[in-house]
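Structure file entry_32.cif (mmCIF, C-alpha atoms and all ligand atoms) is printed below.
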data_data
#
loop_
_atom_site.label_atom_id
_atom_site.label_comp_id
_atom_site.auth_asym_id
_atom_site.auth_seq_id
_atom_site.Cartn_x
_atom_site.Cartn_y
_atom_site.Cartn_z
CA MET A 1 -5.35 -16.72 -6.99
CA LYS A 2 -6.66 -15.04 -10.12
CA LYS A 3 -4.12 -13.15 -12.21
CA HIS A 4 -4.32 -9.39 -12.16
CA ILE A 5 -2.59 -7.76 -15.09
CA TYR A 6 -3.54 -4.10 -15.31
CA LEU A 7 -2.84 -2.78 -18.81
CA ASP A 8 -4.97 0.35 -18.71
CA HIS A 9 -2.63 2.98 -17.26
CA ALA A 10 -3.91 5.58 -19.74
CA ALA A 11 -7.28 5.36 -17.99
CA THR A 12 -5.72 5.93 -14.60
CA THR A 13 -2.74 4.78 -12.55
CA PRO A 14 -2.60 3.39 -9.03
CA THR A 15 -1.35 5.97 -6.56
CA ASP A 16 2.34 5.44 -5.75
CA PRO A 17 2.74 4.41 -2.06
CA ARG A 18 5.38 7.18 -1.70
CA VAL A 19 2.74 9.67 -2.84
CA VAL A 20 0.20 8.30 -0.37
CA LYS A 21 2.83 8.62 2.37
CA ALA A 22 3.63 12.23 1.41
CA MET A 23 -0.08 13.10 1.53
CA ALA A 24 -0.76 11.38 4.84
CA PRO A 25 0.02 14.26 7.27
CA TYR A 26 -2.37 16.62 5.49
CA TRP A 27 -5.64 14.91 6.37
CA THR A 28 -5.88 14.85 10.15
CA LYS A 29 -2.73 16.58 11.40
CA ASN A 30 -1.82 19.48 9.12
CA PHE A 31 -5.36 20.11 8.01
CA ALA A 32 -5.54 23.91 8.33
CA ASN A 33 -6.86 26.27 5.68
CA PRO A 34 -3.96 28.10 3.97
CA SER A 35 -5.99 31.31 4.06
CA SER A 36 -6.04 31.32 7.89
CA LEU A 37 -3.68 33.77 9.56
CA TYR A 38 -2.69 31.71 12.61
CA TYR A 39 0.45 29.60 12.63
CA ILE A 40 -0.94 26.29 11.38
CA GLY A 41 -2.78 28.11 8.58
CA GLN A 42 0.44 29.76 7.51
CA ARG A 43 2.17 26.40 7.67
CA ALA A 44 -0.46 25.05 5.26
CA LYS A 45 0.20 28.07 3.04
CA ASN A 46 3.89 27.15 3.11
CA THR A 47 3.09 23.61 2.04
CA LEU A 48 1.03 24.97 -0.84
CA ASP A 49 3.83 27.34 -1.87
CA ASN A 50 6.37 24.53 -1.82
CA ALA A 51 4.17 22.28 -3.97
CA ARG A 52 3.80 25.14 -6.44
CA ILE A 53 7.58 25.65 -6.53
CA ALA A 54 8.08 21.92 -7.14
CA VAL A 55 5.62 21.82 -10.04
CA ALA A 56 7.02 25.06 -11.52
CA LYS A 57 10.47 23.49 -11.50
CA ILE A 58 9.24 20.65 -13.71
CA PHE A 59 7.58 23.19 -16.05
CA ASN A 60 10.71 25.38 -16.00
CA SER A 61 8.41 28.25 -15.06
CA GLN A 62 7.88 30.71 -12.23
CA PRO A 63 5.77 29.41 -9.32
CA GLU A 64 3.34 32.31 -9.91
CA GLU A 65 2.58 30.82 -13.31
CA VAL A 66 1.15 27.59 -11.83
CA ILE A 67 -2.30 27.12 -10.37
CA PHE A 68 -3.89 23.99 -8.93
CA THR A 69 -7.28 22.71 -10.04
CA GLY A 70 -9.64 19.81 -9.56
CA GLY A 71 -8.13 17.68 -12.35
CA GLY A 72 -7.26 17.56 -16.02
CA THR A 73 -10.75 18.35 -17.25
CA GLU A 74 -10.95 21.45 -15.08
CA SER A 75 -7.51 22.73 -16.12
CA ILE A 76 -8.43 22.27 -19.77
CA ASN A 77 -11.81 24.00 -19.40
CA LEU A 78 -10.24 26.91 -17.58
CA ALA A 79 -7.49 27.27 -20.19
CA ILE A 80 -9.79 27.11 -23.20
CA LYS A 81 -12.96 28.83 -22.03
CA GLY A 82 -11.02 31.19 -19.76
CA ALA A 83 -8.82 32.43 -22.62
CA VAL A 84 -11.72 32.84 -25.03
CA ILE A 85 -13.91 34.73 -22.55
CA ALA A 86 -10.99 36.92 -21.48
CA SER A 87 -10.38 37.90 -25.13
CA ARG A 88 -13.71 39.83 -25.00
CA LEU A 89 -14.23 39.03 -28.68
CA THR A 90 -17.57 37.79 -29.97
CA PRO A 91 -17.24 35.69 -31.86
CA ALA A 92 -13.73 34.63 -30.94
CA HIS A 93 -12.21 31.80 -32.96
CA VAL A 94 -10.57 28.68 -31.50
CA ILE A 95 -8.59 26.04 -33.35
CA THR A 96 -8.08 22.50 -32.09
CA SER A 97 -7.84 19.04 -33.64
CA ASN A 98 -10.49 16.40 -34.21
CA PHE A 99 -8.27 14.05 -32.22
CA GLU A 100 -8.44 15.60 -28.74
CA HIS A 101 -9.75 14.25 -25.46
CA HIS A 102 -13.43 14.95 -24.78
CA ALA A 103 -12.41 17.52 -22.17
CA VAL A 104 -11.10 19.69 -25.02
CA LEU A 105 -13.73 18.78 -27.63
CA ASN A 106 -16.70 19.34 -25.35
CA ALA A 107 -15.22 22.60 -24.06
CA VAL A 108 -15.01 23.96 -27.62
CA TYR A 109 -18.51 22.67 -28.43
CA ALA A 110 -19.75 24.64 -25.41
CA LEU A 111 -18.00 27.75 -26.75
CA LYS A 112 -19.62 27.18 -30.11
CA ASN A 113 -23.01 27.09 -28.39
CA GLN A 114 -22.20 30.45 -26.83
CA GLY A 115 -21.68 31.97 -30.25
CA HIS A 116 -17.94 31.48 -30.79
CA GLU A 117 -16.26 29.91 -33.82
CA VAL A 118 -14.34 26.65 -33.76
CA SER A 119 -12.20 24.84 -36.34
CA LEU A 120 -11.29 21.19 -35.91
CA ILE A 121 -8.09 20.32 -37.79
CA PRO A 122 -7.73 16.76 -39.09
CA VAL A 123 -4.80 14.46 -38.36
CA ASP A 124 -2.94 12.25 -40.82
CA ALA A 125 -3.05 8.44 -40.86
CA GLU A 126 -0.57 8.26 -37.98
CA GLY A 127 -2.27 10.90 -35.88
CA PHE A 128 -0.13 13.98 -36.51
CA VAL A 129 -2.05 17.23 -36.74
CA MET A 130 -1.95 18.47 -40.35
CA GLN A 131 0.00 21.66 -39.88
CA ASP A 132 -0.65 23.14 -43.33
CA LYS A 133 -4.37 23.01 -42.55
CA LEU A 134 -3.79 24.40 -39.09
CA TRP A 135 -1.98 27.47 -40.38
CA SER A 136 -4.41 28.07 -43.23
CA GLU A 137 -7.25 28.16 -40.72
CA ILE A 138 -6.02 31.17 -38.75
CA GLN A 139 -8.42 34.11 -38.81
CA ASP A 140 -8.17 37.67 -37.56
CA ASN A 141 -10.32 36.75 -34.55
CA THR A 142 -8.38 33.57 -33.67
CA VAL A 143 -7.42 33.76 -29.99
CA LEU A 144 -6.47 30.20 -29.04
CA ILE A 145 -4.96 27.04 -30.46
CA SER A 146 -5.22 23.87 -28.38
CA ILE A 147 -3.32 20.77 -29.48
CA MET A 148 -2.69 17.81 -27.21
CA MET A 149 0.88 16.85 -26.41
CA ALA A 150 0.26 13.12 -26.69
CA ASN A 151 -2.91 11.26 -27.53
CA ASN A 152 -4.57 9.17 -24.84
CA GLU A 153 -5.85 6.46 -27.15
CA VAL A 154 -3.16 5.87 -29.75
CA GLY A 155 -0.18 7.55 -28.06
CA THR A 156 0.92 9.75 -30.99
CA ILE A 157 3.20 12.55 -29.79
CA GLU A 158 2.36 15.85 -31.47
CA PRO A 159 5.10 18.30 -32.56
CA ILE A 160 4.15 20.88 -29.93
CA GLN A 161 7.57 22.54 -29.95
CA GLU A 162 7.43 23.06 -33.71
CA ILE A 163 3.86 24.37 -33.67
CA GLY A 164 4.64 26.66 -30.74
CA ALA A 165 7.75 28.10 -32.40
CA HIS A 166 5.86 28.82 -35.62
CA LEU A 167 3.00 30.41 -33.73
CA GLU A 168 5.43 32.67 -31.92
CA LYS A 169 6.58 34.08 -35.27
CA LEU A 170 2.99 34.47 -36.44
CA ASN A 171 2.12 36.33 -33.26
CA LYS A 172 4.89 38.86 -33.97
CA GLU A 173 3.37 39.57 -37.37
CA ARG A 174 -0.08 39.83 -35.84
CA LYS A 175 1.16 42.30 -33.26
CA ALA A 176 2.44 44.58 -36.03
CA LYS A 177 -1.02 44.41 -37.60
CA ASN A 178 -2.78 45.00 -34.29
CA LEU A 179 -4.48 41.59 -34.40
CA PRO A 180 -5.22 39.70 -31.18
CA HIS A 181 -2.52 37.42 -29.77
CA ILE A 182 -3.14 33.70 -30.32
CA PHE A 183 -2.49 31.77 -27.12
CA PHE A 184 -1.29 28.18 -27.29
CA HIS A 185 -2.62 25.51 -24.94
CA THR A 186 -1.53 21.89 -24.76
CA ASP A 187 -3.31 19.07 -22.97
CA ALA A 188 -0.36 17.25 -21.42
CA CYS A 189 -2.37 14.84 -19.23
CA GLN A 190 -0.94 11.81 -21.01
CA ALA A 191 2.45 13.33 -21.74
CA ALA A 192 3.25 14.11 -18.09
CA GLY A 193 5.62 11.54 -16.70
CA ALA A 194 6.75 10.42 -20.15
CA LEU A 195 7.85 13.65 -21.87
CA GLU A 196 9.73 16.76 -20.87
CA LEU A 197 7.30 19.52 -19.85
CA ASN A 198 9.58 22.53 -20.33
CA VAL A 199 7.10 25.27 -21.26
CA ASP A 200 9.72 27.52 -22.84
CA LYS A 201 11.11 24.79 -25.06
CA LEU A 202 7.55 23.87 -26.01
CA HIS A 203 6.59 27.53 -26.64
CA VAL A 204 3.24 27.05 -24.90
CA ASP A 205 1.24 29.63 -22.94
CA LEU A 206 -1.03 27.14 -21.20
CA LEU A 207 -0.39 23.52 -20.23
CA SER A 208 -2.72 21.13 -18.40
CA ILE A 209 -1.78 18.09 -16.33
CA ASN A 210 -3.48 15.90 -13.74
CA GLY A 211 -2.50 13.57 -10.92
CA SER A 212 -4.46 10.54 -11.95
CA LYS A 213 -2.28 9.57 -14.93
CA ILE A 214 1.06 9.93 -13.15
CA TYR A 215 0.62 7.70 -10.08
CA GLY A 216 -0.75 10.67 -8.17
CA PRO A 217 -4.20 11.22 -6.66
CA LYS A 218 -7.31 11.61 -8.80
CA GLY A 219 -9.30 14.84 -8.81
CA VAL A 220 -6.30 17.17 -8.74
CA GLY A 221 -4.62 18.97 -11.60
CA ALA A 222 -2.37 21.88 -12.43
CA LEU A 223 -2.48 24.54 -15.10
CA TYR A 224 0.56 26.46 -16.30
CA ILE A 225 -0.38 30.01 -17.29
CA ARG A 226 2.37 32.05 -18.93
CA ARG A 227 2.68 35.54 -17.48
CA GLY A 228 0.60 37.89 -19.61
CA THR A 229 -1.99 35.28 -20.55
CA ALA A 230 -5.39 36.63 -19.55
CA LEU A 231 -7.92 34.08 -18.28
CA LYS A 232 -11.43 34.52 -16.96
CA ALA A 233 -12.24 32.30 -13.96
CA LEU A 234 -15.00 29.75 -14.40
CA VAL A 235 -15.64 29.33 -10.67
CA ASP A 236 -16.12 32.44 -8.57
CA GLY A 237 -15.75 32.57 -4.83
CA GLY A 238 -13.10 33.30 -2.23
CA GLY A 239 -10.41 34.25 -4.73
CA GLN A 240 -7.95 31.42 -4.15
CA GLU A 241 -5.35 30.52 -6.80
CA LYS A 242 -4.95 34.10 -8.01
CA ASN A 243 -8.69 34.43 -8.29
CA LEU A 244 -8.71 31.81 -11.05
CA ARG A 245 -9.89 28.83 -9.06
CA SER A 246 -11.81 29.75 -5.96
CA GLY A 247 -12.41 27.18 -3.24
CA THR A 248 -10.36 25.92 -0.30
CA GLU A 249 -7.23 24.35 -1.70
CA ASN A 250 -6.98 20.55 -1.75
CA ILE A 251 -3.69 20.45 0.15
CA PRO A 252 -3.33 16.63 0.39
CA GLY A 253 -4.12 16.31 -3.32
CA ILE A 254 -1.77 19.13 -4.29
CA VAL A 255 1.07 17.62 -2.23
CA GLY A 256 0.31 14.29 -3.90
CA LEU A 257 0.40 15.81 -7.39
CA ALA A 258 3.71 17.59 -6.76
CA THR A 259 5.25 14.44 -5.25
CA ALA A 260 4.03 12.25 -8.11
CA LEU A 261 5.37 14.66 -10.71
CA ASN A 262 8.76 14.73 -9.02
CA ILE A 263 9.02 10.95 -8.80
CA ALA A 264 7.96 10.65 -12.44
CA GLU A 265 10.63 13.14 -13.50
CA GLN A 266 13.36 11.27 -11.62
CA ASN A 267 12.48 7.92 -13.20
CA ARG A 268 11.43 9.25 -16.59
CA GLU A 269 14.34 8.27 -18.81
CA LYS A 270 14.98 4.90 -17.24
CA GLU A 271 11.32 3.92 -17.17
CA ASN A 272 10.75 5.14 -20.74
CA LYS A 273 13.56 2.92 -21.95
CA ARG A 274 12.13 -0.10 -20.17
CA LEU A 275 8.61 0.57 -21.46
CA ILE A 276 9.68 1.19 -25.05
CA THR A 277 11.39 -2.22 -25.13
CA LEU A 278 8.27 -3.92 -23.75
CA ARG A 279 5.98 -1.92 -26.03
CA ASP A 280 7.86 -2.68 -29.23
CA TRP A 281 8.23 -6.36 -28.36
CA THR A 282 4.48 -6.67 -27.76
CA ILE A 283 3.46 -4.72 -30.87
CA LYS A 284 5.66 -6.87 -33.08
CA LYS A 285 4.44 -10.08 -31.43
CA LEU A 286 0.75 -9.24 -31.78
CA LEU A 287 1.04 -7.95 -35.36
CA THR A 288 2.91 -11.06 -36.46
CA THR A 289 0.93 -13.72 -34.61
CA ILE A 290 -2.59 -12.40 -35.20
CA PRO A 291 -3.69 -12.10 -38.83
CA LYS A 292 -5.57 -9.00 -40.03
CA THR A 293 -4.17 -6.53 -37.53
CA LEU A 294 -3.06 -2.95 -37.91
CA LEU A 295 -1.08 -0.64 -35.62
CA ASN A 296 -2.89 2.57 -34.70
CA GLY A 297 -0.69 5.64 -34.22
CA HIS A 298 2.94 6.20 -35.22
CA ALA A 299 5.41 3.35 -34.73
CA SER A 300 8.00 5.32 -32.75
CA GLN A 301 6.66 8.84 -32.15
CA ARG A 302 4.30 7.41 -29.57
CA LEU A 303 4.08 7.30 -25.80
CA PRO A 304 6.46 4.67 -24.38
CA ASN A 305 3.59 2.84 -22.68
CA ASN A 306 1.03 2.87 -25.48
CA ILE A 307 0.02 -0.06 -27.67
CA ASN A 308 -3.05 0.29 -29.86
CA ILE A 309 -3.93 -2.19 -32.57
CA SER A 310 -7.02 -2.80 -34.62
CA ILE A 311 -7.95 -6.44 -34.83
CA LEU A 312 -10.33 -6.84 -37.73
CA ASP A 313 -13.51 -8.91 -37.82
CA ILE A 314 -14.12 -8.89 -34.08
CA GLU A 315 -15.93 -6.75 -31.54
CA GLY A 316 -13.63 -5.02 -29.04
CA GLU A 317 -15.98 -5.37 -26.08
CA ALA A 318 -16.22 -9.14 -26.47
CA MET A 319 -12.42 -9.32 -26.60
CA LEU A 320 -12.16 -7.24 -23.40
CA LEU A 321 -14.55 -9.57 -21.58
CA TYR A 322 -12.50 -12.61 -22.56
CA LEU A 323 -9.30 -10.84 -21.49
CA ASP A 324 -10.92 -9.88 -18.19
CA GLU A 325 -11.77 -13.57 -17.67
CA ILE A 326 -8.05 -14.36 -17.66
CA GLY A 327 -7.22 -11.37 -15.45
CA ILE A 328 -6.12 -8.80 -18.04
CA GLN A 329 -7.60 -5.31 -17.95
CA ALA A 330 -7.43 -3.40 -21.24
CA SER A 331 -9.44 -0.91 -23.24
CA THR A 332 -11.08 -0.59 -26.65
CA GLY A 333 -12.28 2.14 -29.00
CA SER A 334 -15.33 0.07 -29.72
CA ALA A 335 -18.71 1.44 -28.79
CA CYS A 336 -21.21 -1.02 -27.55
CA THR A 337 -21.29 0.62 -24.15
CA ALA A 338 -24.26 2.55 -22.87
CA GLN A 339 -22.35 5.86 -22.80
CA ASP A 340 -21.10 5.88 -26.37
CA LEU A 341 -23.00 5.14 -29.52
CA GLU A 342 -20.15 6.04 -31.85
CA PRO A 343 -16.84 4.19 -31.90
CA SER A 344 -13.70 6.11 -30.95
CA HIS A 345 -13.42 9.48 -32.69
CA VAL A 346 -9.64 9.12 -32.38
CA ILE A 347 -9.40 5.86 -34.33
CA ARG A 348 -11.87 7.25 -36.85
CA ALA A 349 -9.80 10.44 -37.20
CA LEU A 350 -6.86 8.30 -38.34
CA GLY A 351 -9.06 7.29 -41.29
CA ARG A 352 -9.77 3.82 -39.93
CA PRO A 353 -13.27 2.68 -40.88
CA TYR A 354 -15.83 1.70 -38.23
CA GLU A 355 -14.84 -1.96 -38.46
CA ALA A 356 -11.29 -1.12 -37.40
CA ALA A 357 -12.42 1.13 -34.57
CA HIS A 358 -14.71 -1.57 -33.24
CA GLY A 359 -11.92 -4.11 -33.04
CA SER A 360 -9.32 -1.81 -31.54
CA LEU A 361 -7.37 -2.86 -28.46
CA ARG A 362 -5.48 -0.39 -26.29
CA LEU A 363 -2.89 -1.75 -23.89
CA THR A 364 -1.18 0.87 -21.77
CA LEU A 365 1.76 -0.34 -19.72
CA GLY A 366 2.94 0.98 -16.38
CA HIS A 367 5.30 0.54 -13.45
CA SER A 368 3.84 -2.84 -12.54
CA THR A 369 4.05 -4.27 -16.08
CA THR A 370 6.54 -7.08 -16.59
CA LYS A 371 7.71 -9.02 -19.62
CA GLU A 372 5.97 -12.10 -18.16
CA ASP A 373 2.63 -10.26 -18.22
CA LEU A 374 3.06 -9.44 -21.90
CA VAL A 375 4.25 -12.93 -22.77
CA PHE A 376 1.11 -14.26 -21.07
CA LEU A 377 -1.06 -11.81 -22.99
CA SER A 378 0.53 -12.59 -26.32
CA LYS A 379 0.08 -16.33 -25.74
CA LYS A 380 -3.61 -15.96 -24.90
CA LEU A 381 -4.83 -13.27 -27.27
CA PRO A 382 -4.46 -15.10 -30.61
CA GLY A 383 -6.73 -17.88 -29.33
CA ILE A 384 -9.36 -15.43 -28.11
CA VAL A 385 -9.32 -13.63 -31.48
CA LYS A 386 -9.55 -16.89 -33.38
CA TYR A 387 -12.56 -17.96 -31.33
CA LEU A 388 -14.33 -14.62 -31.76
CA ARG A 389 -13.72 -14.64 -35.49
CA GLN A 390 -15.33 -18.05 -35.81
CA VAL A 391 -18.60 -16.60 -34.58
CA SER A 392 -18.18 -13.24 -36.34
CA PRO A 393 -20.35 -12.24 -39.27
CA ILE A 394 -17.78 -9.62 -40.38
CA ASN A 395 -15.01 -10.26 -42.90
CA VAL A 396 -13.12 -7.12 -43.88
CA ASP A 397 -10.86 -7.22 -46.93
CA MET A 398 -7.48 -5.79 -45.89
CA ASN A 399 -6.68 -4.30 -49.30
CA THR A 400 -9.98 -2.44 -49.35
CA LEU A 401 -9.29 -1.31 -45.79
CA HIS A 402 -5.85 0.11 -46.62
CA SER A 403 -7.09 1.92 -49.71
CA SER A 404 -10.02 3.39 -47.79
CA ILE A 405 -7.59 4.74 -45.16
CA LYS A 406 -5.59 6.41 -47.95
CA LYS A 407 -8.72 7.90 -49.46
CA TYR A 408 -10.19 9.10 -46.16
CA PRO A 409 -11.21 12.74 -46.58
CA ARG A 410 -9.18 14.76 -44.11
CA GLU A 411 -11.24 17.89 -43.95
CA ILE A 412 -11.33 20.80 -41.59
CA ILE A 413 -14.59 20.82 -39.65
CA LYS A 414 -16.01 24.25 -38.96
CA LEU A 415 -18.41 24.34 -36.03
C1 LIG P 501 -7.42 11.82 -18.42
C2 LIG P 501 -7.28 12.87 -19.42
C3 LIG P 501 -7.97 14.08 -19.28
C4 LIG P 501 -8.94 14.33 -18.16
O1 LIG P 501 -8.32 14.39 -16.91
P1 LIG P 501 -9.17 14.22 -15.56
O2 LIG P 501 -8.16 14.40 -14.48
O3 LIG P 501 -9.76 12.84 -15.62
O4 LIG P 501 -10.21 15.27 -15.53
C5 LIG P 501 -7.79 15.04 -20.26
N1 LIG P 501 -6.97 14.83 -21.31
C6 LIG P 501 -6.28 13.69 -21.46
C7 LIG P 501 -5.38 13.54 -22.64
C8 LIG P 501 -6.42 12.67 -20.54
O5 LIG P 501 -5.75 11.54 -20.72
#

Structure rendered as structure tokens:
Amino acid sequence: MKKHIYLDHAATTPTDPRVVKAMAPYWTKNFANPSSLYYIGQRAKNTLDNARIAVAKIFNSQPEEVIFTGGGTESINLAIKGAVIASRLTPAHVITSNFEHHAVLNAVYALKNQGHEVSLIPVDAEGFVMQDKLWSEIQDNTVLISIMMANNEVGTIEPIQEIGAHLEKLNKERKAKNLPHIFFHTDACQAAGALELNVDKLHVDLLSINGSKIYGPKGVGALYIRRGTALKALVDGGGQEKNLRSGTENIPGIVGLATALNIAEQNREKENKRLITLRDWTIKKLLTTIPKTLLNGHASQRLPNNINISILDIEGEAMLLYLDEIGIQASTGSACTAQDLEPSHVIRALGRPYEAAHGSLRLTLGHSTTKEDLVFLSKKLPGIVKYLRQVSPINVDMNTLHSSIKKYPREIIKL
């Protein structure tokens, strides 16, 4: 039988069988609409309430501050566009980083096209948002800052708590000057399951998560909305989810999300420890056995399951095809696919040149990952790289590469 080593858990996770089991009664048996007044409708409403209580517990929030959505992208769009539209300012100003998921970046581009102002803050060589530039970019009409909790490509964990605490102080000064409140959103789609999501400790007003990255179902998400944070709905209809997300609630999905989040929380510390050991072993092995490699992201302030290295002088897609041949599924920031003409904006934001983005390899570990899998990978990969380099026309000089990373202009982009 062909090997099957799935190392792409940042793309999506398999649904935990316990989650599937928890969802099972809500398809054919307890299928009622929670808005219906008869008994089985009210029972569905109860199920929905309990899922909300469970998620709120993980957020350390009130259940009324949690709404369910159709996934991470939808939560993020509602948080960002909803807060900007609700501010009633034109133009309103939004600050985010140049390092975010496309759900955030394309939401702010859309706002720009509607006449709003956007600043994209650069990150440093390890992927940390440059806070001095963030604070210097605040304007009188700034209404929202959105910074991801952990990056999906290179795993860097942003100092959300620190940014949130500073913003809280700034907001007090703004209040005295009658300037609009700046709300703080974090995209926690990758952080969920790995990091604590206590919204008070983080000092966030809005936090987005989804099911598909935490062994839950795809197409379901949650958004934390701190009391007092005004949002304008993006979908109008029957008024479900406090009028913020109309449409009959996805009860099986919501139960699945709440169950997955609970399981993740229970196993979090133990699983993180296991993954960090595997991660660090693999990073060291690959960096020492394959010449001309470079770790992307911070060495320790990174998600426990994330490995991302640039392997110079090769094309990432070719490497992925050879890995797939031996049963390993991984990901690259390269861009020879039909959808993307540019290589990863995340790897580029670190200051890595195109050559490094093209040869980047992301391995994201998960529950099923064993040491044997990673030993197998680290035995096979050097040979694949060696072969690809023999046919490669590229030959990057590492000293030039390192100095170009240092010299990379880290500028604020104003849209
Ligand atoms: C996956 C992901 C999203 C999008 O979530 P969907 O549920 O696929 O819509 C947004 N942000 C980050 C960081 C992600 O990893």

>> List the spatial neighbours of Arg410 in chain A as a list in words - criterion: any atom at most 9 Å away, all atoms listed in the file, same-chain residues fewer than 2 positions off excluded.
In response: Ile121, Pro122, Val123, Asp124, Met130, Ala349, Leu350, Gly351, Lys407, Tyr408 and Ile412 of chain A

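With all atoms listed in the file as the atoms that count, the residue of A:Ile160, A:Val20, A:Val129, A:Leu197 with the shortest distance to Ala56 in chain A is A:Leu197.
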
>> Which residues are near ligand LIG 501 (chain P) - at most 6 Å, using all atoms listed in the file? Format: as JSON, numbers by chain.
In response: {"A": [71, 72, 73, 101, 103, 151, 152, 187, 189, 190, 210, 212, 219]}

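Remark: for His367 in chain A, the closest of the candidate residues A:Asn267, A:Thr289, A:Asn395, A:Asn46 is A:Asn267 (distances computed over only C-alpha atoms).
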
> Counting all atoms listed in the file, what is within 12 Å of Val204 in chain A, bar same-chain residues fewer than 2 positions away, as a ChimeraX atom specification?
Replying inline: /A:59-61,79,144-149,159-168,182-188,197-202,206-208,223-227,229

>> Give me, as a ChimeraX atom specification, all polymer residues having an atom no more than 12 Å from Ala356 in chain A, counting all atoms listed in the file and skipping those fewer than 2 positions away in the same chain.
In response: /A:292-296,308-316,332-335,343-354,358-361,394-398,401-402,404-405

> Could you work out how far CA of Thr12 in chain A lies from CA of Glu265 in chain A, giving the answer in Å with one decimal?
Replying inline: 17.9 Å
